[in-house]
Every structure is written in structure tokens, then in C-alpha cells.
Amino acid sequence: MTSVLDRFRLDNKVAVVTGASFGLGKAMAIGLAEAGADIVGISRQQTNLEKVKQEIESLGRQFLPIQCDVSDRQQIRDAISEANDWQHKLDVLVNNAGIIHRDPAAEHPEQAWDHVLGVNLDAVWFGSQEAGKIMLKQGWGKILTTASVLSFSGGILVPGYAAAKGAIAQLTKALANEWAGHKINVNAIAPGYMVTRNTSALRADNDRSQSILERIPAGRWGDPDDLK
């Protein structure tokens, strides 16, 4: 009889993680490797993947680094295709890459809006679409996207980020509805305030950091390892 813990093993599976160099993406990539998966790490700079590559290979897993600007539609399609070619399958896709830009809404630069939407939303759609084509043919797959508590609350000073994360919540539901019958599970997680590069400005602002901590029942910022 298979134990419940064995059902969560990922031996002989291939997992792709975008934004795998740092923070949440790095922690999730390592967590998937600890569960048995070989990892494809995607980052804008391949040199940024060296540390996570070493950690994953130290676990006895294989690691394929891919340099890719996920906001470029063709690059993310090509990266997903390359990941599939590596071991001729694609079991898990984690859409994690994300950026944030803070400015009052009335002063928010057009270029910043386009860039944030390109990385945080367009890349999720085109990457998931490409992975979905592969998973539909093979008859299974898992897609997980990093949404945010701002998918629901909206936040302040980050209209592009909030818009993208809100859209991710709905895109996740749309893909889950369409693909669940094909044994493809599509989900999103919505982390709260985490210790990452994206939140460095907030954590450096003593007043904002304190007001955030007062709203968190655990009384601390989340750690990337919490998401493993």
C-alpha cells in the first residue's frame, strides 16, 4: 500500500521553475528537488542560476539552466520547448518570475506598466499555453503560478502588479476549468508579505514594515522556505 507521503514524491519528474535564481523561485525549485524532481531553472541571467544549480545537484538531482527574458513571448515559448526536449517530458511548471514597480497611480510610468504586465501576466499566459500543449499530448501535468495577496486586496502604489496578480487569479481558474478533465491541475498560491528582493523597500521603511507586521498573525514576514 502506497503511503500518503509517497504520493507526494516527484522521482523521475521534470519541474520547470521561472524566476528560479532568488527568493521564492529558488526555494520552490529546491523544494521540488528535495521531493525527487529534476529541475529546469529559468532566469534572465544564466549566471544567476549557479548557486541554485549547485544546491540542486548536491541533492543528487539534475539541473538544466535556461536564460530567458520571460516577458519576450517567443523566448518563453522556446524555453518551455527546450525544457520538454531535455528529458522528453514536462511534468510541472511553476510560473514564479515577477517584478514590481512602486509609484502613485497618477504618476505611474507607461513603460513600467508594460514591463510589469509583460513579466507578471503575459509570461504566465504564454508559458502556460506552451506547457499546456505538451501536457495535453502526454495526458497529465501540474501548473502552479505565484499570485499574491494583492490578487484580492489591491495594495497601494503598485497598480500594475495588482492588476497582473488579479488577472492571474482568473487565468488560473479559466485554465483549471478547461484542463482538469485532461488530468492537468492548474493552481495558484497567494503569498503574503515575504522576505524577497521585491519587498526590500517595504522592509527598509520602518513605519510601513511595522504596520505590515501588526497585520500578520504570525508576527513575522514570510520566508521563501515556507513555500516549499
# chains A, B, ... in the order shown; residues from 1 in each chain; ligands from 1

$ residues_around --residues "Lys133 of chain A" --least-positions-apart "6" --cutoff "12 Å" --atoms "only C-alpha atoms" --output "PyMOL selection string"
chain A and resi 77+80-81+84+89-90+126-127+139-141+179+182+184

$ write_last_selection --atoms "N, CA and C atoms" --output "compact mmCIF listing (two decimals), in the first residue's frame"
# COMPACT_ATOMS: atom_id res chain seq x y z
N ARG A 77 8.23 30.79 -24.92
CA ARG A 77 7.79 29.59 -25.67
C ARG A 77 8.98 28.68 -25.95
N ILE A 80 10.20 26.81 -22.77
CA ILE A 80 9.35 25.68 -22.40
C ILE A 80 9.61 24.50 -23.34
N SER A 81 9.77 24.78 -24.62
CA SER A 81 10.07 23.73 -25.59
C SER A 81 11.41 23.07 -25.29
N ASN A 84 11.13 20.76 -22.35
CA ASN A 84 10.49 19.50 -22.71
C ASN A 84 11.45 18.58 -23.47
N LYS A 89 9.77 15.22 -21.61
CA LYS A 89 8.52 15.33 -20.85
C LYS A 89 8.57 16.61 -20.03
N LEU A 90 7.39 17.03 -19.58
CA LEU A 90 7.27 18.21 -18.75
C LEU A 90 6.14 17.95 -17.76
N PHE A 126 1.60 32.87 -21.81
CA PHE A 126 2.27 32.22 -22.94
C PHE A 126 3.07 30.99 -22.49
N GLY A 127 3.63 31.04 -21.28
CA GLY A 127 4.34 29.86 -20.76
C GLY A 127 3.37 28.73 -20.47
N GLY A 139 -0.93 13.71 -21.51
CA GLY A 139 -2.05 13.23 -20.70
C GLY A 139 -1.97 13.53 -19.22
N TRP A 140 -1.10 14.43 -18.80
CA TRP A 140 -1.01 14.81 -17.39
C TRP A 140 -0.14 16.06 -17.26
N GLY A 141 -0.21 16.65 -16.07
CA GLY A 141 0.66 17.79 -15.79
C GLY A 141 0.16 18.61 -14.63
N TRP A 179 -8.82 22.41 -18.35
CA TRP A 179 -7.86 21.30 -18.44
C TRP A 179 -7.99 20.23 -17.37
N HIS A 182 -8.49 16.73 -18.37
CA HIS A 182 -7.37 16.11 -19.09
C HIS A 182 -6.21 15.77 -18.14
N ILE A 184 -4.76 17.62 -15.99
CA ILE A 184 -3.82 18.74 -15.81
C ILE A 184 -4.39 19.63 -14.71

$ closest_atom_pairs --of "segment 61-134 of chain A" --to "segment 1-14 of chain A" --cutoff "10 Å" --atoms "only C-alpha atoms" --output "Markdown table"
| residue | atom | partner | partner_atom | distance |
| --- | --- | --- | --- | --- |
| A:Arg61 | CA | A:Asp11 | CA | 9.4 |
| A:Gln62 | CA | A:Val14 | CA | 9.3 |
| A:Phe63 | CA | A:Val14 | CA | 9.5 |
| A:Ala83 | CA | A:Val14 | CA | 8.5 |
| A:Asn84 | CA | A:Val14 | CA | 8.5 |
| A:Trp86 | CA | A:Val14 | CA | 9.1 |
| A:Gln87 | CA | A:Val14 | CA | 7.6 |
| A:His88 | CA | A:Val14 | CA | 9.3 |
| A:Lys89 | CA | A:Val14 | CA | 7.0 |
| A:Leu90 | CA | A:Val14 | CA | 5.6 |
| A:Asp91 | CA | A:Val14 | CA | 5.3 |
| A:Val92 | CA | A:Val14 | CA | 6.4 |
| A:Leu93 | CA | A:Val14 | CA | 8.7 |

$ closest_residue --among "A:Ala162, A:Ile56, A:Val149, A:Ile134" --to "Ala105 of chain A" --atoms "only C-alpha atoms"
A:Ala162

$ closest_atom_pairs --of "segment 68-130 of chain A" --to "segment 18-38 of chain A" --cutoff "7 Å" --atoms "only C-alpha atoms" --output "JSON lines"
{"residue": "A:Val94", "atom": "CA", "partner": "A:Thr18", "partner_atom": "CA", "distance": 6.4}
{"residue": "A:Asn95", "atom": "CA", "partner": "A:Thr18", "partner_atom": "CA", "distance": 5.5}
{"residue": "A:Asn96", "atom": "CA", "partner": "A:Thr18", "partner_atom": "CA", "distance": 5.2}
{"residue": "A:Ala97", "atom": "CA", "partner": "A:Gly19", "partner_atom": "CA", "distance": 4.0}

$ select_by_dssp --residues "chain A" --states "helix (DSSP H, G or I)" --output "PyMOL selection string"
chain A and resi 6-8+23-34+46-58+73-87+105-107+110-138+150-153+159-182+197-204+206-213+224-227

$ closest_residue --among "A:Cys68, A:Leu121, A:Val195, A:Val158" --to "Leu171 of chain A" --atoms "only C-alpha atoms"
A:Leu121

$ atom_distance --atom1 "atom CA of Leu144 of chain A" --atom2 "atom CA of Val40 of chain A"
14.6 Å

$ select_by_dssp --residues "segment 26-206 of chain A" --states "strand (DSSP E)" --output "JSON, numbers by chain"
{"A": [38, 39, 40, 41, 42, 43, 63, 64, 65, 66, 67, 92, 93, 94, 95, 141, 142, 143, 144, 145, 146, 184, 185, 186, 187, 188, 189]}

$ closest_residue --among "A:Ile42, A:Asp207, A:Ala167, A:Ile143" --to "Asp78 of chain A" --atoms "only C-alpha atoms"
A:Ile42

$ closest_residue --among "A:Gln74, A:Ile189, A:Gly118, A:Lys165" --to "Lys228 of chain A" --atoms "only C-alpha atoms"
A:Ile189

$ residues_around --residues "Thr196 of chain A" --least-positions-apart "2" --cutoff "9 Å" --atoms "only C-alpha atoms" --output "PyMOL selection string"
chain A and resi 22-24+193-194+198-200+223-224

$ atom_distance --atom1 "atom CA of Gly219 of chain A" --atom2 "atom CA of Asn206 of chain A"
14.8 Å

$ residues_around --residues "Gln46 of chain A" --least-positions-apart "4" --cutoff "8 Å" --atoms "only C-alpha atoms" --output "number ranges by chain"
A: 42, 50, 65-67

$ atom_distance --atom1 "atom CA of Glu178 of chain A" --atom2 "atom CA of Asp122 of chain A"
18.8 Å

$ residues_around --residues "Arg220 of chain A" --least-positions-apart "3" --cutoff "12 Å" --atoms "only C-alpha atoms" --output "JSON, numbers by chain"
{"A": [192, 193, 194, 195, 203, 209, 210, 211, 212, 213, 214, 215, 216, 217, 223, 226]}

$ write_last_selection --atoms "all heavy atoms" --output "short mmCIF file (atom, residue, chain, number, x, y, z; two decimals), in the first residue's frame"
data_model
loop_
_atom_site.label_atom_id
_atom_site.label_comp_id
_atom_site.auth_asym_id
_atom_site.auth_seq_id
_atom_site.Cartn_x
_atom_site.Cartn_y
_atom_site.Cartn_z
N GLY A 192 1.66 36.10 1.18
CA GLY A 192 1.53 37.42 1.79
C GLY A 192 2.85 38.15 1.66
O GLY A 192 3.53 38.08 0.64
N TYR A 193 3.23 38.84 2.72
CA TYR A 193 4.46 39.64 2.69
C TYR A 193 5.66 38.74 2.99
O TYR A 193 5.80 38.23 4.10
CB TYR A 193 4.36 40.79 3.69
CG TYR A 193 3.35 41.83 3.24
CD1 TYR A 193 2.03 41.79 3.69
CD2 TYR A 193 3.72 42.83 2.35
CE1 TYR A 193 1.11 42.74 3.27
CE2 TYR A 193 2.80 43.78 1.92
CZ TYR A 193 1.51 43.73 2.38
OH TYR A 193 0.59 44.67 1.96
N MET A 194 6.53 38.57 1.98
CA MET A 194 7.64 37.64 2.06
C MET A 194 8.97 38.40 2.02
O MET A 194 9.06 39.49 1.46
CB MET A 194 7.60 36.64 0.89
CG MET A 194 6.26 35.96 0.69
SD MET A 194 5.80 34.83 2.00
CE MET A 194 6.96 33.49 1.71
N VAL A 195 10.00 37.78 2.57
CA VAL A 195 11.34 38.36 2.54
C VAL A 195 11.96 38.06 1.18
O VAL A 195 12.54 36.99 0.96
CB VAL A 195 12.22 37.82 3.67
CG1 VAL A 195 13.64 38.41 3.58
CG2 VAL A 195 11.62 38.16 5.03
N ARG A 203 10.50 46.64 3.64
CA ARG A 203 11.16 46.22 4.88
C ARG A 203 12.13 47.28 5.39
O ARG A 203 12.40 47.36 6.59
CB ARG A 203 11.86 44.88 4.67
CG ARG A 203 10.88 43.71 4.57
CD ARG A 203 11.55 42.37 4.41
NE ARG A 203 12.06 42.16 3.07
CZ ARG A 203 13.33 42.07 2.74
NH1 ARG A 203 14.26 42.17 3.67
NH2 ARG A 203 13.69 41.87 1.49
N SER A 209 6.92 48.71 7.50
CA SER A 209 7.21 47.36 7.94
C SER A 209 6.47 47.03 9.23
O SER A 209 5.88 45.94 9.37
CB SER A 209 8.72 47.19 8.14
OG SER A 209 9.02 45.87 8.56
N GLN A 210 6.45 47.98 10.16
CA GLN A 210 5.76 47.75 11.43
C GLN A 210 4.27 47.61 11.23
O GLN A 210 3.62 46.75 11.83
CB GLN A 210 6.06 48.89 12.41
CG GLN A 210 5.48 48.68 13.81
CD GLN A 210 5.98 47.41 14.47
OE1 GLN A 210 7.14 47.03 14.31
NE2 GLN A 210 5.09 46.73 15.19
N SER A 211 3.69 48.45 10.36
CA SER A 211 2.24 48.37 10.12
C SER A 211 1.87 47.05 9.46
O SER A 211 0.80 46.49 9.73
CB SER A 211 1.77 49.55 9.26
OG SER A 211 2.26 49.44 7.93
N ILE A 212 2.75 46.54 8.61
CA ILE A 212 2.52 45.24 7.97
C ILE A 212 2.61 44.12 9.00
O ILE A 212 1.76 43.23 9.06
CB ILE A 212 3.52 45.03 6.82
CG1 ILE A 212 3.15 45.93 5.64
CG2 ILE A 212 3.54 43.57 6.38
CD1 ILE A 212 4.21 46.03 4.57
N LEU A 213 3.65 44.16 9.83
CA LEU A 213 3.83 43.13 10.85
C LEU A 213 2.63 43.06 11.80
O LEU A 213 2.24 41.98 12.24
CB LEU A 213 5.11 43.38 11.64
CG LEU A 213 6.42 43.01 10.96
CD1 LEU A 213 7.60 43.51 11.77
CD2 LEU A 213 6.51 41.50 10.74
N GLU A 214 2.05 44.21 12.09
CA GLU A 214 0.91 44.24 13.00
C GLU A 214 -0.32 43.55 12.43
O GLU A 214 -1.22 43.15 13.18
CB GLU A 214 0.58 45.70 13.36
CG GLU A 214 1.62 46.33 14.27
CD GLU A 214 1.43 47.83 14.45
OE1 GLU A 214 0.51 48.39 13.78
OE2 GLU A 214 2.18 48.45 15.22
N ARG A 215 -0.35 43.39 11.09
CA ARG A 215 -1.49 42.72 10.44
C ARG A 215 -1.24 41.24 10.20
O ARG A 215 -2.14 40.54 9.74
CB ARG A 215 -1.80 43.41 9.10
CG ARG A 215 -2.08 44.90 9.20
CD ARG A 215 -2.86 45.41 8.00
NE ARG A 215 -2.29 45.05 6.73
CZ ARG A 215 -1.39 45.77 6.06
NH1 ARG A 215 -0.93 46.90 6.60
NH2 ARG A 215 -0.94 45.40 4.89
N ILE A 216 -0.03 40.78 10.47
CA ILE A 216 0.30 39.37 10.21
C ILE A 216 0.16 38.58 11.51
O ILE A 216 0.89 38.84 12.47
CB ILE A 216 1.74 39.23 9.67
CG1 ILE A 216 1.89 40.01 8.36
CG2 ILE A 216 2.08 37.76 9.44
CD1 ILE A 216 3.32 40.04 7.82
N PRO A 217 -0.76 37.62 11.59
CA PRO A 217 -0.97 36.89 12.83
C PRO A 217 0.30 36.22 13.36
O PRO A 217 0.50 36.16 14.58
CB PRO A 217 -2.03 35.85 12.46
CG PRO A 217 -2.81 36.50 11.35
CD PRO A 217 -1.78 37.26 10.58
N ASP A 223 9.07 33.59 4.98
CA ASP A 223 10.36 33.18 4.47
C ASP A 223 10.14 32.34 3.21
O ASP A 223 9.19 31.54 3.17
CB ASP A 223 11.12 32.36 5.51
CG ASP A 223 12.53 32.06 5.09
OD1 ASP A 223 13.43 32.86 5.39
OD2 ASP A 223 12.75 31.00 4.45
N ASP A 226 9.12 28.80 3.48
CA ASP A 226 7.76 28.48 3.88
C ASP A 226 6.95 27.89 2.73
O ASP A 226 5.93 27.22 2.96
CB ASP A 226 7.03 29.73 4.40
CG ASP A 226 7.60 30.27 5.69
OD1 ASP A 226 8.17 29.48 6.47
OD2 ASP A 226 7.49 31.49 5.94
#
